[in-house]
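Structure record follows, encoded as structure tokens.
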Amino acid sequence: GRLQTRLEPSYTDEFDRLSRHFNRMTAQLAGLIEKDYKQTILLQDAKMKHLQAQINPHFLYNSFYLLSHLVKMEDQEAAEKLSRYLGDYFRYITDQSRNVLPLQEEYDHAVIYLSIQLMRFGHRVCAEIEPVPKAFVSLAVPRLILQPLVEHQLPDGGHRLPVRAGIYQNVLEHGIEADDQVRVKLSFHWEGSYLRIWVEDSGSALADQTISRLNAQCESEETPAGHALSNIHRRLSIHYGDPVCGLSFSRSPLGGLRVCLTVKQREGA
């Protein structure tokens with residue numbers, strides 16, 4: 001796989017010809033791989049811009065209904081706070097000028113989404129959100145890898161359940177009863193250059209088959225249409241060029257689903 005390898009010219013015609021053909025072949029292969037990689041990235045960028053343009057209408061409607069309610073209740077402080085959150089949220093979601101940005105910005109956007117949801121359902125969620133480790137604050141990551149993870153609903157019934165509170169909508173909707181208070185946790189764990197972001201909840205109705213299916217979908221070469229988690233996994237794999245980077249799923253010690261998102265510091269960063 002070391003396509004930068006080149007053979008030195010030989011003093012014999014036979015080996016000289018072989019060396020030149022070998023060098024030409026490896027150069028062409030490297031060029032084709034780079035071209036394919038760039039085309040893949042361009043396609044992923046196009047998909048990302050399409051994803052950014054698809055604002056969840058239910059989230060939009062519910063947020064403005066809440067804002068209208070706060071105004072009617074003359075809760076000026078809360079209305080002002082929600083308006084600021086919504087402004088920051090939609091400014092980020094519609095900005096197409098950057099596809100890669102510091103992890104801190106992606107994290108801040110996810111926290112803004114959490115803050116909006118907590119204003120709606122805070123009494124039903126106990127959220128434990130760790131700050132980004134200082135060593136990884138400036139880590140360059142693809143945009144919208146955290147917020148889509150929590151906004152877009154999973155198949156197998158998740159999208160048919162009432163919207164649960166909190167940032168980890170995908171995680172929470174794996175079978176939490178309507179009156180339960182949900183414990184949601186975001187934490188960071190790192191080993192060398194790898195950073196793992198854990199998103200987990202306290203649900204109790206998560207089937208082992210669901211975990212296996214989620215892992216299988218991410219490992220598959222084919223990404224299911226409209227499947228946000230598989231798309232995020234594929235984008236991370238392409239961006240870092242490392243099979244370790246991406247998403248994996250397991251059962252959390254809290255009882256529900258744990259989503260592990262792995263990113264990597266590049267050499268010299």
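So you can find residues: chains in the structure tokens are A, B, ... in the order shown, residues in each start at 1, and ligands are numbered from 1 in order.
The set of residues in range 193-239 of chain A assigned to alpha helix (DSSP H) by DSSP, using only backbone atoms of this structure, is A:Asp208, A:Gln209, A:Thr210, A:Ile211, A:Ser212, A:Arg213, A:Leu214, A:Asn215, A:Ala216, A:Gln217, A:Cys218, A:Glu219, A:Ala228, A:Leu229, A:Ser230, A:Asn231, A:Ile232, A:His233, A:Arg234, A:Arg235, A:Leu236, A:Ser237, A:Ile238, A:His239.
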Problem - Nearest to Ile232 in chain A, chosen from A:Ser252, A:Gln147, A:Leu206, A:Gln181, with only C-alpha atoms counted in the distances - result: A:Gln147
Practice task
Mind checking which residues fall within 12 Å of Phe64 in chain A, counting only C-alpha atoms, ignoring those fewer than 4 positions away in the same chain, and posting them as a PyMOL selection string?
Solution key: chain A and resi 57-60+68-71+79+82-83+85-87+116+120
Practice task
May I have the residues within 12 Å of Leu195 in chain A as a PyMOL selection string, using only C-alpha atoms and disregarding those fewer than 6 positions away in the same chain?
Solution key: chain A and resi 103+132-137+139-141+187-189+244-247+260-266
Exercise for the section: Could you please determine the separation between CA of His21 in chain A and CA of Glu8 in chain A in Å, to one decimal place? Expected result: 11.7 Å
Problem - d(CA of Ala30 in chain A, CA of Ile238 in chain A) in Å - result: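 Computing the Euclidean distance for CA of Ala30 in chain A and CA of Ile238 in chain A yields 16.5 Å.
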Handout entry: Counting only C-alpha atoms, the residue of A:His233, A:Arg124, A:Arg91, A:Lys72 that sits nearest Leu146 in chain A
Key =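 Closest to Leu146 in chain A of all the choices is A:His233.
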Problem - Counting only C-alpha atoms, the option among A:Ser202, A:Gln96, A:Gln28, A:Thr12 closest to Gly255 in chain A - result: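 Closest candidate: A:Ser202.
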